[in-house]
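Enquirer: Below is the file protein-v2.cif, with mmCIF, C-alpha atoms and all ligand atoms.
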data_data
#
loop_
_atom_site.label_atom_id
_atom_site.label_comp_id
_atom_site.auth_asym_id
_atom_site.auth_seq_id
_atom_site.Cartn_x
_atom_site.Cartn_y
_atom_site.Cartn_z
CA MET A 96 -9.28 3.09 50.78
CA PRO A 97 -7.92 4.19 47.39
CA SER A 98 -10.31 5.43 44.74
CA LEU A 99 -11.42 2.62 42.44
CA PRO A 100 -10.70 1.24 39.94
CA ILE A 101 -6.95 1.40 40.48
CA TYR A 102 -4.88 1.95 37.36
CA PHE A 103 -2.32 -0.85 36.89
CA ASP A 104 -1.82 -0.58 33.13
CA TYR A 105 1.08 1.87 32.75
CA GLN A 106 2.46 -0.01 29.70
CA ALA A 107 -0.72 0.65 27.72
CA THR A 108 -0.57 4.35 28.48
CA THR A 109 0.21 6.75 31.32
CA PRO A 110 -1.74 9.67 32.76
CA ILE A 111 -0.55 13.13 31.71
CA ASP A 112 1.68 14.67 34.36
CA LYS A 113 0.25 17.95 35.73
CA ARG A 114 3.43 19.80 34.82
CA VAL A 115 3.05 18.60 31.23
CA LEU A 116 -0.56 19.75 30.94
CA GLU A 117 0.32 23.17 32.37
CA ALA A 118 3.08 23.64 29.80
CA MET A 119 0.72 22.64 26.99
CA MET A 120 -2.23 24.87 27.87
CA PRO A 121 -1.05 28.15 26.29
CA TYR A 122 -0.46 26.34 22.98
CA LEU A 123 -4.05 25.10 22.98
CA THR A 124 -5.37 28.60 23.62
CA THR A 125 -3.59 31.91 23.01
CA HIS A 126 -0.41 30.61 21.32
CA PHE A 127 -2.21 28.94 18.44
CA GLY A 128 0.12 29.89 15.58
CA ASN A 129 1.28 27.56 12.85
CA PRO A 130 4.87 26.73 13.81
CA HIS A 131 5.83 26.72 10.14
CA SER A 132 4.58 30.31 9.52
CA VAL A 133 7.81 32.25 9.26
CA GLU A 134 6.38 35.70 8.53
CA HIS A 135 4.82 36.68 11.84
CA ALA A 136 5.09 36.45 15.61
CA PHE A 137 2.37 33.80 16.03
CA GLY A 138 4.43 31.42 13.92
CA TRP A 139 7.74 32.36 15.54
CA GLN A 140 6.38 31.78 19.03
CA ALA A 141 5.01 28.33 18.15
CA GLY A 142 8.14 27.42 16.22
CA ALA A 143 10.41 28.46 19.09
CA ALA A 144 8.41 26.35 21.56
CA ILE A 145 8.85 23.32 19.31
CA GLU A 146 12.60 23.83 19.22
CA VAL A 147 12.72 23.94 23.04
CA ALA A 148 10.77 20.67 23.11
CA ARG A 149 13.10 19.12 20.55
CA LYS A 150 16.04 20.01 22.77
CA GLN A 151 14.38 18.50 25.86
CA ILE A 152 13.85 15.22 24.00
CA ALA A 153 17.41 15.21 22.61
CA GLN A 154 18.92 15.83 26.05
CA LEU A 155 17.12 12.90 27.64
CA ILE A 156 18.83 10.43 25.28
CA GLY A 157 22.13 12.22 24.69
CA ALA A 158 21.31 13.23 21.11
CA ASP A 159 21.77 16.47 19.20
CA THR A 160 18.68 18.64 18.67
CA SER A 161 19.01 18.27 14.88
CA GLU A 162 18.67 14.49 15.24
CA ILE A 163 15.06 14.51 16.56
CA ILE A 164 12.16 14.03 14.14
CA PHE A 165 8.65 14.51 15.49
CA THR A 166 6.11 11.83 14.53
CA SER A 167 2.64 10.81 15.69
CA GLY A 168 3.99 8.17 18.09
CA ALA A 169 6.23 5.15 18.35
CA THR A 170 4.21 3.25 15.75
CA GLU A 171 5.02 5.87 13.14
CA SER A 172 8.63 6.20 14.35
CA ASN A 173 9.10 2.44 13.98
CA ASN A 174 7.56 2.49 10.50
CA LEU A 175 9.76 5.38 9.44
CA ALA A 176 12.87 3.74 10.88
CA LEU A 177 12.37 0.23 9.56
CA LYS A 178 10.90 0.99 6.15
CA GLY A 179 12.75 4.27 5.61
CA MET A 180 16.14 2.80 6.38
CA ALA A 181 15.56 -0.58 4.71
CA TYR A 182 14.46 1.09 1.47
CA ALA A 183 17.33 3.60 1.60
CA ALA A 184 19.81 0.69 1.60
CA TYR A 185 17.97 -1.28 -1.09
CA PRO A 186 18.84 -3.00 -3.44
CA GLN A 187 22.52 -3.20 -2.40
CA LYS A 188 21.33 -4.52 0.94
CA ASN A 189 18.08 -6.46 1.26
CA HIS A 190 18.25 -8.06 4.71
CA ILE A 191 17.17 -6.84 8.13
CA ILE A 192 17.21 -8.46 11.55
CA THR A 193 14.65 -8.14 14.32
CA VAL A 194 13.30 -10.21 17.22
CA VAL A 195 10.21 -12.42 17.63
CA SER A 196 9.12 -10.55 20.78
CA GLU A 197 9.08 -7.04 19.26
CA HIS A 198 6.01 -4.81 19.43
CA GLU A 199 3.36 -5.72 16.87
CA CYS A 200 4.09 -2.60 14.80
CA VAL A 201 7.75 -3.58 14.30
CA LEU A 202 6.81 -7.11 13.30
CA ALA A 203 4.14 -5.76 10.94
CA CYS A 204 6.78 -3.53 9.28
CA ALA A 205 9.10 -6.51 8.94
CA ARG A 206 6.35 -8.59 7.32
CA SER A 207 5.51 -5.76 4.96
CA LEU A 208 9.18 -5.55 3.97
CA GLU A 209 9.17 -9.31 3.37
CA ASP A 210 6.15 -8.89 1.09
CA ALA A 211 8.14 -6.30 -0.84
CA GLY A 212 11.01 -8.73 -1.36
CA PHE A 213 13.29 -8.08 1.63
CA LYS A 214 14.71 -10.92 3.72
CA VAL A 215 14.08 -10.76 7.45
CA THR A 216 15.72 -12.75 10.25
CA TYR A 217 13.60 -13.01 13.38
CA LEU A 218 15.88 -13.75 16.34
CA SER A 219 14.39 -15.93 19.06
CA VAL A 220 14.55 -15.17 22.78
CA ASP A 221 15.42 -17.48 25.68
CA HIS A 222 13.12 -18.34 28.59
CA ASP A 223 14.08 -15.01 30.20
CA GLY A 224 13.05 -13.06 27.10
CA LEU A 225 16.60 -12.10 26.11
CA ILE A 226 18.24 -12.51 22.72
CA ASP A 227 21.45 -14.48 22.19
CA LEU A 228 24.14 -11.96 21.21
CA GLU A 229 26.17 -14.56 19.37
CA ALA A 230 23.12 -15.48 17.29
CA LEU A 231 22.71 -11.80 16.46
CA GLU A 232 26.32 -11.46 15.37
CA ASN A 233 26.09 -14.63 13.27
CA ALA A 234 22.91 -13.44 11.57
CA ILE A 235 24.57 -10.29 10.21
CA HIS A 236 26.01 -10.65 6.70
CA ASP A 237 27.06 -8.37 3.85
CA LYS A 238 23.46 -7.86 2.67
CA THR A 239 22.26 -6.78 6.13
CA SER A 240 21.37 -3.11 6.45
CA LEU A 241 19.52 -2.92 9.75
CA VAL A 242 19.15 -4.50 13.17
CA SER A 243 16.05 -3.55 15.17
CA VAL A 244 15.87 -4.73 18.80
CA MET A 245 13.51 -3.20 21.34
CA ALA A 246 14.92 -1.77 24.57
CA VAL A 247 12.28 -2.71 27.17
CA ASN A 248 9.58 -5.22 26.27
CA ASN A 249 6.04 -3.89 26.63
CA GLU A 250 4.52 -7.20 27.74
CA ILE A 251 7.13 -8.53 30.16
CA GLY A 252 9.40 -5.58 31.02
CA VAL A 253 12.62 -7.35 30.04
CA ILE A 254 15.58 -5.11 29.11
CA GLN A 255 17.80 -6.19 26.20
CA ASN A 256 21.55 -5.53 26.37
CA LEU A 257 21.56 -2.42 24.16
CA GLU A 258 25.19 -1.61 24.80
CA LYS A 259 26.39 -5.01 23.57
CA ILE A 260 23.97 -4.99 20.63
CA GLY A 261 25.25 -1.54 19.67
CA GLU A 262 28.85 -2.78 19.86
CA ILE A 263 28.08 -5.69 17.56
CA CYS A 264 26.26 -3.48 15.06
CA ARG A 265 29.10 -0.96 15.03
CA LYS A 266 31.69 -3.69 14.53
CA LYS A 267 29.66 -5.19 11.66
CA GLN A 268 28.79 -1.75 10.24
CA VAL A 269 25.03 -2.18 10.23
CA THR A 270 22.48 0.37 11.41
CA PHE A 271 21.02 -0.21 14.89
CA HIS A 272 17.45 0.84 15.63
CA THR A 273 15.72 0.36 18.97
CA ASP A 274 12.06 0.73 19.86
CA ALA A 275 12.50 2.51 23.19
CA ALA A 276 8.83 3.35 23.83
CA GLN A 277 8.92 1.55 27.19
CA ALA A 278 12.50 2.51 28.02
CA VAL A 279 12.83 6.27 27.62
CA GLY A 280 12.67 8.00 30.99
CA LYS A 281 12.82 4.65 32.75
CA ILE A 282 16.28 3.27 32.10
CA ALA A 283 19.49 5.18 31.39
CA LEU A 284 19.74 5.66 27.62
CA ASP A 285 22.59 7.30 25.77
CA VAL A 286 22.55 6.99 22.01
CA SER A 287 26.28 7.63 21.61
CA ALA A 288 27.43 5.36 24.43
CA PHE A 289 25.18 2.56 23.12
CA ASN A 290 25.99 3.16 19.41
CA ILE A 291 22.30 3.62 18.60
CA ASP A 292 21.57 5.02 15.13
CA ALA A 293 17.81 5.30 15.45
CA LEU A 294 15.50 5.21 18.47
CA SER A 295 11.70 5.41 18.70
CA ILE A 296 9.91 7.30 21.47
CA SER A 297 6.24 7.56 22.40
CA SER A 298 5.02 10.53 24.44
CA HIS A 299 2.03 8.83 26.03
CA LYS A 300 4.18 6.14 27.65
CA ILE A 301 6.12 8.79 29.55
CA TYR A 302 3.31 10.91 31.06
CA GLY A 303 2.92 13.06 27.95
CA PRO A 304 -0.04 13.48 25.58
CA LYS A 305 -1.15 10.82 23.09
CA GLY A 306 -0.70 11.33 19.36
CA ILE A 307 2.93 12.38 19.38
CA GLY A 308 6.30 10.69 19.40
CA ALA A 309 9.74 11.08 17.96
CA LEU A 310 12.42 9.27 16.06
CA TYR A 311 16.01 9.96 16.98
CA LEU A 312 18.06 9.54 13.82
CA LYS A 313 21.83 9.83 14.00
CA LYS A 314 23.20 12.49 11.68
CA ASP A 315 23.86 11.25 8.11
CA THR A 316 22.02 7.94 8.55
CA PRO A 317 20.55 6.97 5.16
CA ILE A 318 16.74 7.00 5.23
CA ILE A 319 13.83 7.87 2.94
CA ALA A 320 10.59 9.60 3.94
CA LEU A 321 7.30 7.72 3.99
CA PHE A 322 5.12 10.85 3.47
CA ASP A 323 5.29 13.44 0.70
CA GLY A 324 4.28 16.98 1.52
CA GLY A 325 5.57 20.33 2.71
CA GLY A 326 8.95 18.97 3.70
CA GLN A 327 8.81 19.59 7.44
CA GLU A 328 11.20 17.76 9.78
CA ASN A 329 14.05 17.87 7.25
CA GLY A 330 11.77 16.41 4.61
CA LEU A 331 11.38 13.23 6.65
CA ARG A 332 7.96 13.90 8.10
CA SER A 333 5.77 16.34 6.25
CA GLY A 334 2.74 17.84 7.95
CA THR A 335 2.05 20.68 10.36
CA LEU A 336 3.35 19.92 13.82
CA SER A 337 1.14 20.44 16.86
CA PRO A 338 2.97 22.87 19.17
CA ALA A 339 0.83 21.77 22.14
CA LEU A 340 1.70 18.11 21.63
CA CYS A 341 5.38 18.86 20.97
CA VAL A 342 5.60 21.03 24.10
CA GLY A 343 3.81 18.32 26.08
CA MET A 344 6.24 15.65 24.92
CA GLY A 345 9.25 17.90 25.51
CA THR A 346 8.10 18.73 29.02
CA ALA A 347 7.45 15.04 29.71
CA CYS A 348 11.08 14.35 28.72
CA ALA A 349 12.41 17.20 30.87
CA VAL A 350 10.43 15.92 33.84
CA ALA A 351 11.65 12.37 33.18
CA GLN A 352 15.24 13.57 33.08
CA LYS A 353 14.83 15.38 36.39
CA ASP A 354 12.74 12.70 38.15
CA ARG A 355 13.85 9.38 36.65
CA LEU A 356 15.92 8.18 39.58
CA GLN A 357 13.33 9.26 42.11
CA ASP A 358 10.54 7.68 40.01
CA ASN A 359 12.46 4.44 39.85
CA ILE A 360 13.04 4.30 43.61
CA HIS A 361 9.30 4.77 44.06
CA ILE A 362 8.33 2.25 41.37
CA ASP A 363 10.88 -0.35 42.52
CA LYS A 364 9.62 -0.16 46.09
CA LEU A 365 5.96 -0.60 45.12
CA SER A 366 6.67 -3.29 42.52
CA GLN A 367 8.90 -5.24 44.87
CA TYR A 368 6.14 -5.13 47.49
CA LEU A 369 3.55 -6.40 45.01
CA LEU A 370 5.89 -9.06 43.67
CA ASN A 371 6.77 -10.34 47.16
CA GLU A 372 3.13 -10.41 48.25
CA ILE A 373 1.95 -12.30 45.17
CA ILE A 374 4.81 -14.79 45.01
CA SER A 375 4.80 -15.52 48.76
CA LYS A 376 1.03 -15.83 49.11
CA LEU A 377 0.11 -17.57 45.86
CA GLY A 378 1.79 -20.88 45.14
CA CYS A 379 0.36 -20.82 41.62
CA ALA A 380 2.03 -17.49 40.70
CA HIS A 381 5.16 -17.22 38.57
CA LEU A 382 6.86 -14.09 37.21
CA ASN A 383 7.53 -14.15 33.46
CA GLY A 384 10.83 -12.93 32.02
CA SER A 385 14.21 -12.18 33.56
CA LEU A 386 14.10 -10.77 37.09
CA ASP A 387 17.58 -9.23 36.80
CA HIS A 388 17.24 -7.55 33.41
CA ARG A 389 13.89 -5.90 33.94
CA PHE A 390 12.07 -2.66 34.41
CA LEU A 391 10.26 -3.48 37.66
CA GLY A 392 7.21 -1.34 36.85
CA ASN A 393 6.14 -4.11 34.48
CA LEU A 394 5.24 -7.40 36.20
CA ASN A 395 3.82 -10.20 34.08
CA PHE A 396 2.56 -13.20 36.05
CA THR A 397 1.24 -16.63 35.19
CA PHE A 398 -1.33 -17.91 37.69
CA LYS A 399 -1.18 -21.63 36.96
CA GLY A 400 -4.59 -23.22 36.55
CA ILE A 401 -6.53 -19.96 36.43
CA LYS A 402 -7.92 -18.47 33.25
CA SER A 403 -6.74 -14.87 33.12
CA ASP A 404 -9.82 -13.64 31.19
CA LEU A 405 -11.97 -15.00 34.02
CA LEU A 406 -9.57 -13.49 36.53
CA VAL A 407 -9.66 -10.07 34.83
CA ALA A 408 -13.47 -10.27 34.70
CA ASN A 409 -13.42 -10.80 38.47
CA LEU A 410 -10.94 -8.00 39.10
CA LYS A 411 -13.25 -5.08 38.40
CA ASP A 412 -11.58 -2.80 40.95
CA VAL A 413 -8.21 -2.85 39.19
CA ALA A 414 -7.41 -1.88 35.59
CA LEU A 415 -4.87 -4.32 34.22
CA SER A 416 -4.48 -6.34 31.08
CA THR A 417 -3.61 -9.80 29.87
CA GLY A 418 -1.00 -8.44 27.49
CA ALA A 419 -0.38 -5.74 24.93
CA ALA A 420 -3.31 -3.38 24.41
CA CYS A 421 -3.18 -4.01 20.66
CA SER A 422 -3.22 -7.80 20.95
CA SER A 423 -6.03 -7.67 23.54
CA ALA A 424 -8.02 -5.75 20.92
CA SER A 425 -7.56 -8.53 18.40
CA ALA A 426 -7.95 -11.24 21.10
CA LYS A 427 -4.83 -13.06 19.92
CA SER A 428 -2.78 -15.14 22.32
CA SER A 429 0.50 -13.51 23.37
CA TYR A 430 3.30 -14.32 20.93
CA VAL A 431 5.75 -12.81 23.42
CA LEU A 432 4.91 -15.33 26.15
CA SER A 433 4.87 -18.05 23.53
CA ALA A 434 8.42 -17.03 22.54
CA LEU A 435 9.49 -17.53 26.17
CA GLY A 436 8.31 -21.14 25.86
CA LEU A 437 5.08 -20.86 27.82
CA THR A 438 2.33 -23.34 26.93
CA LYS A 439 -1.05 -22.21 25.55
CA GLN A 440 -2.61 -22.83 28.98
CA GLU A 441 0.09 -20.86 30.76
CA ILE A 442 -0.35 -17.96 28.33
CA ALA A 443 -4.10 -18.01 28.92
CA SER A 444 -3.34 -17.77 32.65
CA SER A 445 -1.12 -14.70 32.46
CA LEU A 446 -1.62 -11.03 33.15
CA ARG A 447 0.44 -7.87 33.40
CA ILE A 448 0.49 -5.45 36.31
CA GLY A 449 1.95 -2.04 35.52
CA ILE A 450 3.10 0.43 38.15
CA GLY A 451 4.16 4.00 37.52
CA ARG A 452 4.87 7.47 38.81
CA MET A 453 1.34 8.10 40.11
CA THR A 454 0.85 4.70 41.78
CA THR A 455 0.61 4.91 45.59
CA GLN A 456 1.51 2.46 48.37
CA GLU A 457 -2.17 2.48 49.37
CA GLU A 458 -3.15 1.35 45.86
CA VAL A 459 -0.54 -1.38 45.82
CA THR A 460 -1.47 -2.65 49.29
CA PHE A 461 -5.14 -2.78 48.34
CA GLY A 462 -4.36 -4.18 44.87
CA ALA A 463 -2.14 -6.99 46.15
CA ASP A 464 -4.73 -8.10 48.74
CA TYR A 465 -7.50 -7.88 46.20
CA ILE A 466 -5.68 -9.86 43.51
CA ILE A 467 -4.55 -12.52 45.99
CA LYS A 468 -8.07 -12.90 47.40
CA THR A 469 -9.61 -13.12 43.93
CA VAL A 470 -7.10 -15.70 42.71
CA LYS A 471 -7.68 -17.80 45.84
CA ASN A 472 -11.45 -17.65 45.28
CA LEU A 473 -11.00 -18.97 41.74
CA THR A 474 -8.75 -21.86 42.74
C1 LIG A 501 3.15 1.72 22.97
C2 LIG A 501 4.25 1.13 22.20
C3 LIG A 501 4.39 1.37 20.83
C4 LIG A 501 3.41 2.22 20.06
O1 LIG A 501 3.47 3.54 20.47
P1 LIG A 501 2.35 4.60 20.01
O2 LIG A 501 2.95 5.91 20.39
O3 LIG A 501 1.12 4.26 20.79
O4 LIG A 501 2.17 4.45 18.55
C5 LIG A 501 5.46 0.81 20.18
N1 LIG A 501 6.35 0.05 20.83
C6 LIG A 501 6.25 -0.22 22.14
C7 LIG A 501 7.29 -1.05 22.80
C8 LIG A 501 5.20 0.32 22.86
O5 LIG A 501 5.10 0.04 24.15
#
Could I get this structure in the form of structure tokens?

Expert:
Amino acid sequence: MPSLPIYFDYQATTPIDKRVLEAMMPYLTTHFGNPHSVEHAFGWQAGAAIEVARKQIAQLIGADTSEIIFTSGATESNNLALKGMAYAAYPQKNHIITVVSEHECVLACARSLEDAGFKVTYLSVDHDGLIDLEALENAIHDKTSLVSVMAVNNEIGVIQNLEKIGEICRKKQVTFHTDAAQAVGKIALDVSAFNIDALSISSHKIYGPKGIGALYLKKDTPIIALFDGGGQENGLRSGTLSPALCVGMGTACAVAQKDRLQDNIHIDKLSQYLLNEIISKLGCAHLNGSLDHRFLGNLNFTFKGIKSDLLVANLKDVALSTGAACSSASAKSSYVLSALGLTKQEIASSLRIGIGRMTTQEEVTFGADYIIKTVKNLT
């Protein structure tokens, strides 16, 4: 019997890997220097650790160390990318393109840019959750500065075709940003091969600490800072960095680079088991989003005829969610599932099961039985 409740919400956040915590500890205790103090050893030690972390992050995505900007998380990285790059191109270019199924923070940036006078095109997605590449190409015109398309969707796990999107953006000479919070360490990412100019990362989605993230920004990409201050991070993100958090994120990236393939074999096996059990034993269950273009650790199901809030209330022994953590907080219905063409009832009957590095076969066996039994009891 696994210890309860079982954690099935790896898209909301992940536990800190032991190796990450160990690497962080000295920087929370003896190595407490300000990394920006350049006159003594305490500062040098902290500053050097941050540069190691920066390199670990850069290596995971095929970037150069100088192209990594530390931020507080993917929300800040997305804000810096979208607003910073849109404003840098303004007023010569006043148009950006994004997608209806982006994370709330990207859509909120886009709306804020609209309020400031920018034009935004919101690309739709098909029933699988994927954008139409021709529609993207047609939406780009001579006033377009930026295309922002997420890599892996946080609600349904669908993977967009980054390589093709990058090709189109390069051909049309527009900047390509991707919110890769759910993709880094999970799918192969190479910023040069995919022609990515900017990429957002969140540490706490990849077994690192919360409160830190990064923006990869290709050398010489026009951008303006959102914060004024001491000029840290090449003037793009003022404020004292936390060496412990930076080291934690860097270590999480190094571990991901080393373990990604092994993690994915593990996650695919457990997810496939859960998927097969649920689909074969529950006639009312349907998987949302493309099966082929998907990170399998994210399974979003509709259980036709069953209210998911009632289902979640009856599933006390498993921690899972009906959608994005942020939209659950505001109790809004999922706009991502709505974009796939699901009805209001279907959306209200959907939930997400997230599987990750620390999930065990025992947990998945118990979880599948438990979910199936509970759904059957509610039918
Ligand atoms: C979690 C998440 C974010 C926000 O990241 P934070 O580091 O928590 O700010 C942004 N985009 C996606 C796709 C996410 O999954």

Enquirer: With all atoms listed in the file as the atoms that count, which of A:Asn248, A:Ser295, A:Thr335, A:Gln154 lies nearest to Glu171 in chain A?

Expert: A:Ser295

Enquirer: CA of Lys399 in chain A and CA of Ile373 in chain A, how far apart in Å?

Expert: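 Separation between CA of Ile373 in chain A and CA of Lys399 in chain A: 12.8 Å.
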
Enquirer: Listing only residues of chain A within 6 Å of ligand LIG 501 (chain A), what is the closest atom pair and its distance in Å (to one decimal) for each, using all atoms listed in the file, sorted by chain and residue number ascending, as CSV?

Expert:
residue,atom,partner,partner_atom,distance
A:Gly168,CA,A:LIG501,O2,3.4
A:Ala169,CA,A:LIG501,O1,3.8
A:Thr170,CA,A:LIG501,O4,3.7
A:His198,CA,A:LIG501,N1,5.1
A:Asn248,CA,A:LIG501,C7,5.9
A:Asn249,CA,A:LIG501,O5,4.7
A:Asp274,CA,A:LIG501,N1,5.8
A:Ala276,CA,A:LIG501,C6,4.7
A:Gln277,CA,A:LIG501,O5,5.1
A:Ser297,CA,A:LIG501,O2,4.2
A:Gly308,CA,A:LIG501,O2,5.9

Enquirer: Find the spatial neighbours of Lys238 in chain A, counting all atoms listed in the file, within a cut-off of 6 Å - ignore same-chain residues fewer than 4 positions away - and output them as a compact mmCIF listing (two decimals) with C-alpha atoms, keeping the file's coordinate frame.

Expert:
# COMPACT_ATOMS: atom_id res chain seq x y z
CA LYS A 188 21.33 -4.52 0.94
CA ASN A 189 18.08 -6.46 1.26
CA HIS A 190 18.25 -8.06 4.71

Enquirer: Quote the spacing between CA of Gly157 in chain A and CA of Glu229 in chain A in Å to one decimal place.

Expert: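 Interatomic distance, CA of Gly157 in chain A to CA of Glu229 in chain A: 27.6 Å.
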
Enquirer: Which residues are close to range 344-357 of chain A, i.e. within 7 Å by only C-alpha atoms, leaving aside same-chain residues fewer than 6 positions away? Reply as JSON, numbers by chain.

Expert: {"A": [115, 148, 149, 151, 152, 155, 280, 281, 298, 301, 302, 303, 304]}

Enquirer: Find the distance between CA of Ala463 in chain A and CA of Asn371 in chain A and write it in Å to one decimal.

Expert: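 Calculated distance between CA of Ala463 in chain A and CA of Asn371 in chain A is 9.6 Å.
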
Enquirer: Find the residue from A:Leu294, A:Ile318, A:Ile251, A:Val279 that sits nearest to Tyr182 in chain A; use only C-alpha atoms when measuring.

Expert: A:Ile318

Enquirer: Please write range 440-462 of chain A of the preceding block to a file containing N, CA and C atoms, as a JSON list (two decimals), in the first residue's frame?

Expert:
[["chain", "number", "residue", "atom", "x", "y", "z"],
["A", 440, "GLN", "N", -20.31, 20.94, -20.37],
["A", 440, "GLN", "CA", -20.49, 19.74, -19.55],
["A", 440, "GLN", "C", -19.24, 18.86, -19.58],
["A", 441, "GLU", "N", -18.68, 18.71, -20.77],
["A", 441, "GLU", "CA", -17.48, 17.88, -20.90],
["A", 441, "GLU", "C", -16.32, 18.49, -20.10],
["A", 442, "ILE", "N", -16.21, 19.82, -20.17],
["A", 442, "ILE", "CA", -15.13, 20.49, -19.43],
["A", 442, "ILE", "C", -15.31, 20.29, -17.92],
["A", 443, "ALA", "N", -16.58, 20.37, -17.49],
["A", 443, "ALA", "CA", -16.86, 20.19, -16.06],
["A", 443, "ALA", "C", -16.71, 18.72, -15.64],
["A", 444, "SER", "N", -16.42, 17.85, -16.59],
["A", 444, "SER", "CA", -16.24, 16.43, -16.29],
["A", 444, "SER", "C", -14.80, 15.99, -16.55],
["A", 445, "SER", "N", -13.87, 16.95, -16.53],
["A", 445, "SER", "CA", -12.50, 16.63, -16.91],
["A", 445, "SER", "C", -11.54, 16.80, -15.75],
["A", 446, "LEU", "N", -10.51, 15.97, -15.71],
["A", 446, "LEU", "CA", -9.43, 16.18, -14.75],
["A", 446, "LEU", "C", -8.10, 15.69, -15.29],
["A", 447, "ARG", "N", -7.04, 16.21, -14.67],
["A", 447, "ARG", "CA", -5.69, 15.96, -15.14],
["A", 447, "ARG", "C", -4.94, 15.08, -14.15],
["A", 448, "ILE", "N", -4.28, 14.06, -14.68],
["A", 448, "ILE", "CA", -3.46, 13.19, -13.84],
["A", 448, "ILE", "C", -2.00, 13.37, -14.28],
["A", 449, "GLY", "N", -1.17, 13.80, -13.36],
["A", 449, "GLY", "CA", 0.23, 14.07, -13.69],
["A", 449, "GLY", "C", 1.16, 13.06, -13.02],
["A", 450, "ILE", "N", 2.06, 12.52, -13.83],
["A", 450, "ILE", "CA", 3.00, 11.50, -13.36],
["A", 450, "ILE", "C", 4.41, 12.00, -13.58],
["A", 451, "GLY", "N", 5.30, 11.72, -12.63],
["A", 451, "GLY", "CA", 6.65, 12.25, -12.76],
["A", 451, "GLY", "C", 7.72, 11.31, -12.25],
["A", 452, "ARG", "N", 8.90, 11.88, -12.08],
["A", 452, "ARG", "CA", 10.09, 11.10, -11.73],
["A", 452, "ARG", "C", 9.90, 10.27, -10.47],
["A", 453, "MET", "N", 9.20, 10.81, -9.46],
["A", 453, "MET", "CA", 9.08, 10.11, -8.18],
["A", 453, "MET", "C", 7.87, 9.18, -8.10],
["A", 454, "THR", "N", 7.03, 9.18, -9.13],
["A", 454, "THR", "CA", 5.85, 8.30, -9.11],
["A", 454, "THR", "C", 6.31, 6.84, -9.19],
["A", 455, "THR", "N", 5.63, 5.95, -8.44],
["A", 455, "THR", "CA", 6.00, 4.53, -8.46],
["A", 455, "THR", "C", 4.89, 3.69, -9.10],
["A", 456, "GLN", "N", 5.26, 2.48, -9.53],
["A", 456, "GLN", "CA", 4.27, 1.56, -10.09],
["A", 456, "GLN", "C", 3.19, 1.26, -9.05],
["A", 457, "GLU", "N", 3.60, 1.11, -7.80],
["A", 457, "GLU", "CA", 2.64, 0.84, -6.72],
["A", 457, "GLU", "C", 1.60, 1.96, -6.63],
["A", 458, "GLU", "N", 2.06, 3.20, -6.75],
["A", 458, "GLU", "CA", 1.14, 4.34, -6.68],
["A", 458, "GLU", "C", 0.18, 4.34, -7.86],
["A", 459, "VAL", "N", 0.70, 4.01, -9.03],
["A", 459, "VAL", "CA", -0.13, 4.03, -10.23],
["A", 459, "VAL", "C", -1.13, 2.87, -10.21],
["A", 460, "THR", "N", -0.71, 1.72, -9.74],
["A", 460, "THR", "CA", -1.62, 0.58, -9.64],
["A", 460, "THR", "C", -2.76, 0.90, -8.68],
["A", 461, "PHE", "N", -2.40, 1.41, -7.51],
["A", 461, "PHE", "CA", -3.41, 1.79, -6.53],
["A", 461, "PHE", "C", -4.28, 2.91, -7.10],
["A", 462, "GLY", "N", -3.65, 3.93, -7.66],
["A", 462, "GLY", "CA", -4.37, 5.11, -8.17],
["A", 462, "GLY", "C", -5.37, 4.74, -9.26]]
